[in-house]
Every structure is written in C-alpha cells, then in structure tokens.
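Undergrad: Got a structure for you, questions after.
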Amino acid sequence: MFVESGLSPEPPAVHAKVLRDELVTAAEWAARYLSELPQGPVSRPLPPQARSRLRAGQLSQRGGELGAVLDFVREEIAPYPTGNGHPAFFAWVNSPPAPAGIVADLLACAVNATCGMGENALMDLERGTVRMLADLAGLPDGTGGVLTSGGSMANLLALATARTWFLTRRGSADGPAYDRDHARLTLYYSAQAHMSVAKAAACVGLPDHRLRPIATGPHDRLDPAVLRAAVAADLAAGLLPFCTVTTLGTTATGAVDPLEPVTGLCRSMGMWHHADGAWGGLGAGVPALAPQYAGIGGVDSLTVDPHKTLSVPVGCGALLVPDPEHLHTAFAHQASYLTAGEPDALPWLSHATIELTRPGTRALGLWATLHHLGRDGVTRLIEHYLALSDELRKRIIAEPRLHLLAGGPWPVACFRITDPDGADPDALHTRVARHVQDNGRAYLATVAVHGRTVLRAALCNYRTTTDDLDLLIREVLHATDAEQSAPETDAPSQHK
C-alpha cells in the first residue's frame with residue numbers, strides 16, 4: 001500500500017502522535033485495572049449474548065478507529081477474566097502478571113524480533129535468561145535450552161529429544177531399524193504427573209499401552225521400587241524403556257518426586273531422565289525446599305514455567321538441557337532460505353525446538369521479571385507462597401468442619417468437609433466448589449486425591465494475604481451450609 005506524503009496514513013499505519021496517545025491511554029487503563037482488580041469479584045459469568053458476539057467473528061467492511069481497541073477490551077474482555085489476577089483466586093497454578101513483565105511485553109512487541117532465526121539481541125537475551133533459569137534451578141554450567149509457550153510444549157520437546165537420543169545411541173534413528181525400535185519404546189512417569197506428559201507421549205507416537213503411570217507412596221511421590229520393577233518387567237517382555245519423567249511439584253498435592261534414585265536407575269538402564277518442574281522447578285535455591293532437590297543437577301532435562309512460579313506474563317515456559325547438543329540433534333533442520341551469517345555463529349534457537357518464528361516477548365518478559373526480583377527476590381517470592389500455604393493449612397486444621405488431607409511441600413492444600421451429609425460426598429464437594437466460584441468472592445477448584453474428590457487451594461499470587469485465606473475459609477463454610485441445606489432435588493449450580 002502506497003501513501004503519498006502529507007496524507008492520512010492507511011491502516012495498519014497510524015501517525016506517531018496517535019500511536020503515542022493510544023499507548024498512554026491504554027497504559028493508564030491497565031494500571032487502573034490492576035490496582036482496582038482486588039476490590040472486584042474474582043470472576044464473572046460471561047453472558048450468553050456476549051459469548052455469541054465474541055464467537056461470531058464478524059468483520060466489518062470498513063476499518064475502525066484505533067481507540068476502539070481499548071473500548072473493546074474494557075467492555076467485552078476485561079470484565080470476564082479467568083480470575084487468576086485476583087488475590088482470592090486459588091483454583092489453579094495461574095499467576096497474575098508481574099509489572100516488569102507487562103512493561104517488557106509491550107516493548108518486545110514494539111521491537112518485534114523473532115527469536116528463531118537471524119542473529120538479534122533478543123535471541124542472545126533468550127540464551128542468557130535460559131542460563132539464569134538453569135542457575136536458579138541448580139543445573140550445571142553449560143546448560144542450554146529454549147523458552148516455550150509453557151510446560152506442555154516443554155514436555156513435548158523433552159520427550160522428542162529423549163526419543164532421538166535413545167534411538168541414535170542404538171543406531172536406529174532412521175530406516176527399518178527406527179520402525180522396529182520405535183514400536184517398542186516405553187515411557188514411565190508418576191501417576192501424579194501432569195496430563196501434558198501423556199499428551200506429549202501421544203504426539204511423539206507412543207500409544208497408551210506403552211505408557212506406565214508409576215504408583216506413588218503415602219506422600220504422593222513416585223515409588224522408585226515400583227519403577228524399577230516396571231522397567232525390569234518391560235525389558236523381559238522385549239520392550240525398550242527409554243525415558244522416565246519425574247514431577248517437581250505435582251498439580252494435585254504439590255509433591256516432589258525423588259530425583260537421585262530415578263537418575264541412578266536411568267543411568268544403569270540407558271534411559272533419559274526428564275523432570276517436569278513446571279511448577280516446582282526452581283525449588284533447589286529455597287532453603288526449606290532444597291533437601292527435596294538433591295541430585296537435580298543429574299537430570300537430562302528440566303521443564304520450568306516462569307509464568308507460574310515467577311509471574312512472568314503468559315506464556316513463558318522453558319526446557320533446560322544440561323547438554324544442549326541433544327536438542328540440536330533432535331530439531332536442527334536446514335533450508336536454503338535460512339543460512340546463518342558467521343561460520344562460527346551459535347546455532348539459531350530454531351535448531352533447538354520445533355518453532356521457527358518465536359516471540360521475543362518470552363525472553364524480555366522473563367529478563368525484566370528476573371531483573372526486578374534479583375536472586376533474593378526469587379527466593380522471597382517462593383517463600384511467600386510457602387508461608388501462606390502453611391497459614392492456610394493451620395486454618396483448615398483449626399476449623400472443626402474441615403479436614404486437611406494433603407499438601408506440600410509446594411504451596412497447596414487439599415481438604416474435605418468433615419462428615420458431609422448425604423450419600424455422595426464427592427458430589428457435595430464439587431457443588432461446594434461451584435458455589436464458591438459462582439459467589440465471585442473467592443475461587444477454588446476440586447481434584448481427585450486418593451480416590452476422593454477434595455477441595456484444592458493453590459497459592460501463587462504475590463498479592464494474596466492472610467485476609468484472603470480467611471475469606472476463602474468463610475466462603476467454603478458458607479457454601480457448605482447452603483449446599484447441605486438445599487433440597488436433594490435441587491440441581492447443582494452451573495459453573496461459569
């Protein structure tokens with residue numbers, strides 16, 4: 001599109017002053033929105049008519065004013081959030097955005113460099129922030145990796161890397177040998193592992209019948225003895241155990257699987273050890289958690305989600321690999337239209353992942369958040385969550401109508417209603433959680449623990465205080481009273 005000098009620019013271009021004014025207005029709104037958010041409801045149900053408008057996807061023939069973008073967000077999007085920005089949100093491990101990350105996202109969008117191809121400052125910044133994460137996680141010098149959209153993508157990359165590493169060592173990375181060996185690959189993971197592990201296994205071509213969820217012990221940690229027996233049985237059956245996934249901070253209860261015995265087994269059997277630390281990957285530097293992380297430096301790969309533990313804006317995950325050459329072996333591909341400039345240049349980051357176009361927002365948002373926190377700030381932030389979870393557990397224990405079932409060492413509390421009325425206590429807990437959600441003053445979820453549906457509260461908001469914990473307990477008790485006094489024929493309230 002050609003525009004003569006002096007005429008009004010056609011979209012997508014705008015005059016510099018118009019852009020500046022709109023950015024200032026948007027920034028003022030964002031700051032006000034975040035400051036006022038704790039005083040409002042945690043979430044609001046999206047009205048059917050608003051849902052229909054958003055889903056319709058109707059585009060007008062003529063373009064609209066730039067200022068309408070903020071109006072649209074203010075009226076159609078912001079009033080109906082997930083709820084994770086509110087300090088009384090306890091449902092999932094979804095953090096609010098750190099202020100430094102918000103600023104960095106805007107700036108990175110303006111620079112708009114891709115961190116997949118071509119040498120640029122943001123690609124080198126990504127290499128540096130990966131190194132920072134590896135250091136915080138307790139991984140050895142020389143660790144590399146890539147930033148991802150989140151833990152699910154990081155786990156997918158990890159399993160694909162483990163598969164390539166295993167088959168390459170066997171001399172079966174291609175041809176008929178690949179078909180023969182790939183059909184026998186077997187994966188092991190904790191029965192408490194995140195669902196993304198099984199999903200990633202399906203994506204790399206492993207069917208359900210070659211997946212082995214390993215039973216956990218009384219503290220919800222993977223049982224190494226059960227793992228060893230499962231590997232031995234599969235070897236005897238002619239299968240090829242190639243990888244074990246441990247979990248550092250299970251979604252349900254916050255448990256941390258034992259690392260050293262799993263690494264020892266993997267080394268003796270020629271297997272890859274991947275640790276999914278999407279939530280709890282940075283625990284090694286926290287004194288209260290450090291004993292649980294003995295041997296973290298020996299894993300072959302580690303998932304970390306800065307958008308969980310550090311409040312970097314969604315989505316910023318990471319896959320960290322002590323020997324980054326394994327990533328290049330798995331993902332490096334050449335094309336005549338993509339040629340690195342200098343002969344001695346480092347491999348482009350697209351050679352370490354499946355993405356070619358990669359946003360610089362991840363690197364700058366992570367760097368800005370880490371810069372603002374510092375090493376001590378990272379530790380204090382995690383300790384803040386741990387202290388809050390300790391206080392919540394104390395409140396649950398002190399309340400006769402509630403019973404604490406599980407939780408920890410990561411900041412989560414799973415609890416039940418003491419002696420619930422009715423023939424279906426699991427259904428009651430589901431109704432109570434929905435009742436709390438619908439009231440809008442607090443938000444928590446349910447999860448299955450030891451075969452029972454329980455209420456689950458996770459702590460991952462840096463603005464949460466003990467007042468919010470008290471509010472949560474009151475809301476749960478109020479919902480319990482309402483649900484237990486309702487006639488049995490009443491339908492449960494609908495989740496938003």
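Numbering starts fresh at 1 for the residues of each chain in the structure tokens, the chains themselves are lettered A, B, ... in the order given, and ligands are numbered from 1 as they appear.
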Each residue of stretch 72-117 of chain A with at least one atom at most 10 Å from stretch 362-377 of chain A should appear once, together with its nearest atom pair and the corresponding distance in Å (one decimal); atoms considered: only C-alpha atoms; ordering: chain, then increasing residue number; output as JSON lines.

TA:
{"residue": "A:Pro97", "atom": "CA", "partner": "A:Thr369", "partner_atom": "CA", "distance": 9.7}
{"residue": "A:Ala98", "atom": "CA", "partner": "A:Thr369", "partner_atom": "CA", "distance": 6.8}
{"residue": "A:Pro99", "atom": "CA", "partner": "A:Thr369", "partner_atom": "CA", "distance": 7.9}
{"residue": "A:Ala100", "atom": "CA", "partner": "A:Thr369", "partner_atom": "CA", "distance": 5.2}
{"residue": "A:Gly101", "atom": "CA", "partner": "A:Gly365", "partner_atom": "CA", "distance": 4.4}
{"residue": "A:Ile102", "atom": "CA", "partner": "A:Gly365", "partner_atom": "CA", "distance": 7.3}
{"residue": "A:Val103", "atom": "CA", "partner": "A:Gly365", "partner_atom": "CA", "distance": 7.9}
{"residue": "A:Ala104", "atom": "CA", "partner": "A:Gly365", "partner_atom": "CA", "distance": 5.0}
{"residue": "A:Asp105", "atom": "CA", "partner": "A:Gly365", "partner_atom": "CA", "distance": 5.7}
{"residue": "A:Leu106", "atom": "CA", "partner": "A:Gly365", "partner_atom": "CA", "distance": 9.2}
{"residue": "A:Leu107", "atom": "CA", "partner": "A:Leu364", "partner_atom": "CA", "distance": 8.3}
{"residue": "A:Ala108", "atom": "CA", "partner": "A:Leu364", "partner_atom": "CA", "distance": 6.4}
{"residue": "A:Cys109", "atom": "CA", "partner": "A:Leu364", "partner_atom": "CA", "distance": 9.9}
{"residue": "A:Cys115", "atom": "CA", "partner": "A:Ala363", "partner_atom": "CA", "distance": 8.5}

Undergrad: Identify all residues of stretch 112-251 of chain A in alpha helix (DSSP H) (DSSP on the backbone) and supply them as a tab-separated table (two decimals) with C-alpha atoms, in the first residue's frame.

TA:
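In the end it all went to result-v2.tsv:
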chain	number	residue	atom	x	y	z
A	121	ALA	CA	19.79	-9.09	20.55
A	122	LEU	CA	16.63	-10.76	21.82
A	123	MET	CA	17.88	-14.18	20.72
A	124	ASP	CA	21.06	-13.69	22.72
A	125	LEU	CA	18.96	-12.41	25.61
A	126	GLU	CA	16.98	-15.65	25.48
A	127	ARG	CA	20.21	-17.62	25.72
A	128	GLY	CA	21.13	-15.54	28.75
A	129	THR	CA	17.78	-15.88	30.50
A	130	VAL	CA	17.86	-19.64	29.93
A	131	ARG	CA	21.23	-19.62	31.67
A	132	MET	CA	19.74	-17.63	34.58
A	133	LEU	CA	16.93	-20.16	34.97
A	134	ALA	CA	19.37	-23.06	34.84
A	135	ASP	CA	21.47	-21.46	37.56
A	136	LEU	CA	18.42	-20.85	39.76
A	137	ALA	CA	17.33	-24.45	39.21
A	151	GLY	CA	5.14	-26.58	30.34
A	152	SER	CA	3.12	-28.62	27.87
A	153	MET	CA	5.34	-27.58	24.95
A	154	ALA	CA	8.48	-28.03	27.06
A	155	ASN	CA	7.45	-31.58	27.97
A	156	LEU	CA	6.73	-32.35	24.31
A	157	LEU	CA	10.19	-31.14	23.30
A	158	ALA	CA	11.75	-33.14	26.12
A	159	LEU	CA	10.15	-36.44	25.08
A	160	ALA	CA	11.02	-35.86	21.42
A	161	THR	CA	14.63	-35.15	22.43
A	162	ALA	CA	14.75	-38.22	24.67
A	163	ARG	CA	13.42	-40.40	21.84
A	164	THR	CA	16.01	-39.14	19.35
A	165	TRP	CA	18.81	-39.53	21.89
A	166	PHE	CA	17.79	-43.08	22.75
A	167	LEU	CA	17.34	-44.29	19.18
A	168	THR	CA	20.52	-42.57	17.98
A	169	ARG	CA	22.54	-44.39	20.64
A	175	GLY	CA	15.13	-46.65	8.32
A	176	PRO	CA	13.67	-50.07	9.17
A	177	ALA	CA	15.55	-50.10	12.49
A	178	TYR	CA	13.64	-46.96	13.51
A	179	ASP	CA	10.30	-48.59	12.77
A	180	ARG	CA	11.30	-51.71	14.69
A	181	ASP	CA	12.61	-49.92	17.80
A	182	HIS	CA	10.09	-47.10	17.91
A	195	MET	CA	-1.67	-34.60	31.86
A	196	SER	CA	0.69	-32.92	29.38
A	197	VAL	CA	3.14	-35.81	29.78
A	198	ALA	CA	0.72	-38.38	28.36
A	199	LYS	CA	-0.39	-35.88	25.72
A	200	ALA	CA	3.24	-35.30	24.69
A	201	ALA	CA	3.77	-39.06	24.50
A	202	ALA	CA	0.84	-39.35	22.11
A	203	CYS	CA	2.29	-36.56	19.98
A	224	PRO	CA	11.42	-45.96	42.86
A	225	ALA	CA	10.95	-49.63	43.73
A	226	VAL	CA	7.74	-49.81	41.68
A	227	LEU	CA	9.52	-48.01	38.83
A	228	ARG	CA	12.42	-50.46	38.87
A	229	ALA	CA	10.06	-53.44	38.82
A	230	ALA	CA	8.09	-51.99	35.89
A	231	VAL	CA	11.27	-51.37	33.87
A	232	ALA	CA	12.51	-54.89	34.56
A	233	ALA	CA	9.19	-56.42	33.51
A	234	ASP	CA	9.13	-54.47	30.24
A	235	LEU	CA	12.72	-55.42	29.42
A	236	ALA	CA	11.85	-59.05	29.96

Undergrad: Would you mind listing what lies within 7 Å of A:Thr244 as a PyMOL selection string, with only C-alpha atoms counted and same-chain residues fewer than 4 positions away left out?

TA: chain A and resi 187-189+272-274

Undergrad: Limited to C-alpha atoms, could you put the picked residues into a file as a PDB file, in the first residue's frame?

TA:
ATOM      1  CA  LEU A 187       7.651 -44.315  28.878  1.00  0.00           C
ATOM      2  CA  TYR A 188       7.429 -44.130  32.695  1.00  0.00           C
ATOM      3  CA  TYR A 189       6.057 -41.319  34.839  1.00  0.00           C
ATOM      4  CA  TRP A 272      16.681 -40.488  29.796  1.00  0.00           C
ATOM      5  CA  HIS A 273      15.519 -38.739  32.986  1.00  0.00           C
ATOM      6  CA  HIS A 274      13.254 -35.740  32.386  1.00  0.00           C
TER       7      HIS A 274
END

Undergrad: Between atom CA of A:Leu19 and atom CA of A:Glu76, measure the distance and give it in Å to one decimal.

TA: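 Taking atom CA of A:Leu19 as the start and atom CA of A:Glu76 as the end point, the length is 22.1 Å.
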
Undergrad: For A:Asp223, which residue out of A:Leu444, A:Leu259, A:Leu405, A:Leu469 is the nearest one, using only C-alpha atoms?

TA: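 Checking each candidate against A:Asp223, we get A:Leu259 as the closest.
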
Undergrad: Tell me, as a ChimeraX atom specification, which residues lie within 9 Å of stretch 299-301 of chain A, counting only C-alpha atoms; anything in the same chain fewer than 2 positions away does not count.

TA: /A:139,145,158,162,259-260,263,272-276,295-297,303,319-323

Undergrad: Write to file, as a PDB file, in the first residue's frame, the residues of the selection just made, with C-alpha atoms.

TA:
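Dumped everything to part09.pdb:
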ATOM      1  CA  LEU A 139      21.694 -27.273  36.831  1.00  0.00           C
ATOM      2  CA  GLY A 145      17.639 -24.796  26.234  1.00  0.00           C
ATOM      3  CA  ALA A 158      11.750 -33.141  26.123  1.00  0.00           C
ATOM      4  CA  ALA A 162      14.755 -38.223  24.665  1.00  0.00           C
ATOM      5  CA  LEU A 259      15.457 -37.479  41.909  1.00  0.00           C
ATOM      6  CA  GLU A 260      18.636 -39.370  42.773  1.00  0.00           C
ATOM      7  CA  THR A 263      18.581 -40.855  37.866  1.00  0.00           C
ATOM      8  CA  TRP A 272      16.681 -40.488  29.796  1.00  0.00           C
ATOM      9  CA  HIS A 273      15.519 -38.739  32.986  1.00  0.00           C
ATOM     10  CA  HIS A 274      13.254 -35.740  32.386  1.00  0.00           C
ATOM     11  CA  ALA A 275      11.997 -33.728  35.368  1.00  0.00           C
ATOM     12  CA  ASP A 276       8.754 -31.805  34.912  1.00  0.00           C
ATOM     13  CA  GLY A 295      20.507 -34.661  42.635  1.00  0.00           C
ATOM     14  CA  ILE A 296      18.743 -32.047  40.480  1.00  0.00           C
ATOM     15  CA  GLY A 297      21.992 -31.459  38.594  1.00  0.00           C
ATOM     16  CA  THR A 303      10.805 -28.134  32.464  1.00  0.00           C
ATOM     17  CA  LEU A 319      13.046 -26.547  28.601  1.00  0.00           C
ATOM     18  CA  LEU A 320      16.525 -26.712  30.143  1.00  0.00           C
ATOM     19  CA  VAL A 321      19.021 -29.330  28.929  1.00  0.00           C
ATOM     20  CA  PRO A 322      22.486 -29.722  30.509  1.00  0.00           C
ATOM     21  CA  ASP A 323      23.837 -30.906  27.137  1.00  0.00           C
TER      22      ASP A 323
END

Undergrad: Which one is closest to A:Ala68: A:Ala30, A:Thr25, A:Glu483, A:Asp257? Count only C-alpha atoms.

TA: A:Thr25

Undergrad: Apply DSSP to the structure's backbone, then extract all residues of stretch 309-383 of chain A labelled strand (DSSP E) and return them as a PyMOL selection string.

TA: chain A and resi 317-321

Undergrad: What does the distance from atom CA of A:Val42 to atom CA of A:Pro313 come to in Å, to one decimal?

TA: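 Separating atom CA of A:Val42 from atom CA of A:Pro313 is a distance of 18.5 Å.
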
Undergrad: Which one is closest to A:Pro258: A:Asp468, A:Glu383, A:Asp141, A:Asp220? Count only C-alpha atoms.

TA: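 So, comparing all the options, the nearest one is A:Asp220.
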
Undergrad: Let me make sure I understand: among A:Gly270, A:Cys316, A:Leu356, A:Arg212, which one has the smallest atom-to-atom distance to A:Gln334 if we use only C-alpha atoms?

TA: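 Between A:Gly270, A:Cys316, A:Leu356, A:Arg212, the residue approaching A:Gln334 most closely is A:Leu356.
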
Undergrad: Between atom CA of A:Leu386 and atom CA of A:Gly150, what is the distance, to one decimal in Å?

TA: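 Answer for the atom CA of A:Leu386 to atom CA of A:Gly150 separation: 22.7 Å.
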
Undergrad: As a count of residues only, please: the residues near A:Asn84 (cut-off 7 Å, only C-alpha atoms, same-chain neighbours under 6 positions excluded).

TA: 3

Undergrad: Hey, what's within 8 Å of A:Thr353 if we count only C-alpha atoms and toss same-chain stuff fewer than 2 positions away? As a ChimeraX atom specification, please?

TA: /A:146,157,327,331-332,349-351,355-356

Undergrad: Residues as selected, N, CA and C atoms, written as a tab-separated table (two decimals), in the first residue's frame, can you do that?

TA:
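Generated file (part22.tsv):
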chain	number	residue	atom	x	y	z
A	146	VAL	N	15.60	-23.72	25.57
A	146	VAL	CA	14.77	-22.76	24.87
A	146	VAL	C	13.59	-22.37	25.74
A	157	LEU	N	8.82	-31.22	23.81
A	157	LEU	CA	10.19	-31.14	23.30
A	157	LEU	C	11.11	-32.11	24.03
A	327	LEU	N	19.36	-31.24	21.95
A	327	LEU	CA	18.26	-30.52	21.30
A	327	LEU	C	18.55	-30.32	19.81
A	331	PHE	N	16.23	-31.47	16.61
A	331	PHE	CA	15.39	-30.48	15.94
A	331	PHE	C	16.06	-29.68	14.83
A	332	ALA	N	17.37	-29.76	14.67
A	332	ALA	CA	18.03	-28.94	13.66
A	332	ALA	C	17.68	-29.42	12.25
A	349	LEU	N	18.17	-20.55	17.55
A	349	LEU	CA	17.33	-21.24	18.52
A	349	LEU	C	16.26	-22.09	17.86
A	350	SER	N	15.94	-21.83	16.60
A	350	SER	CA	15.00	-22.69	15.89
A	350	SER	C	15.56	-24.10	15.73
A	351	HIS	N	16.88	-24.27	15.86
A	351	HIS	CA	17.50	-25.59	15.79
A	351	HIS	C	17.37	-26.37	17.10
A	355	GLU	N	9.68	-24.67	16.68
A	355	GLU	CA	9.23	-23.37	16.22
A	355	GLU	C	10.32	-22.68	15.40
A	356	LEU	N	9.94	-22.03	14.32
A	356	LEU	CA	10.85	-21.18	13.57
A	356	LEU	C	10.60	-19.72	13.95

Undergrad: Which is closer to A:Gly422 than all the others in A:Leu265, A:Ala486, A:Ile354, A:Ala13, using only C-alpha atoms?

TA: A:Ala486
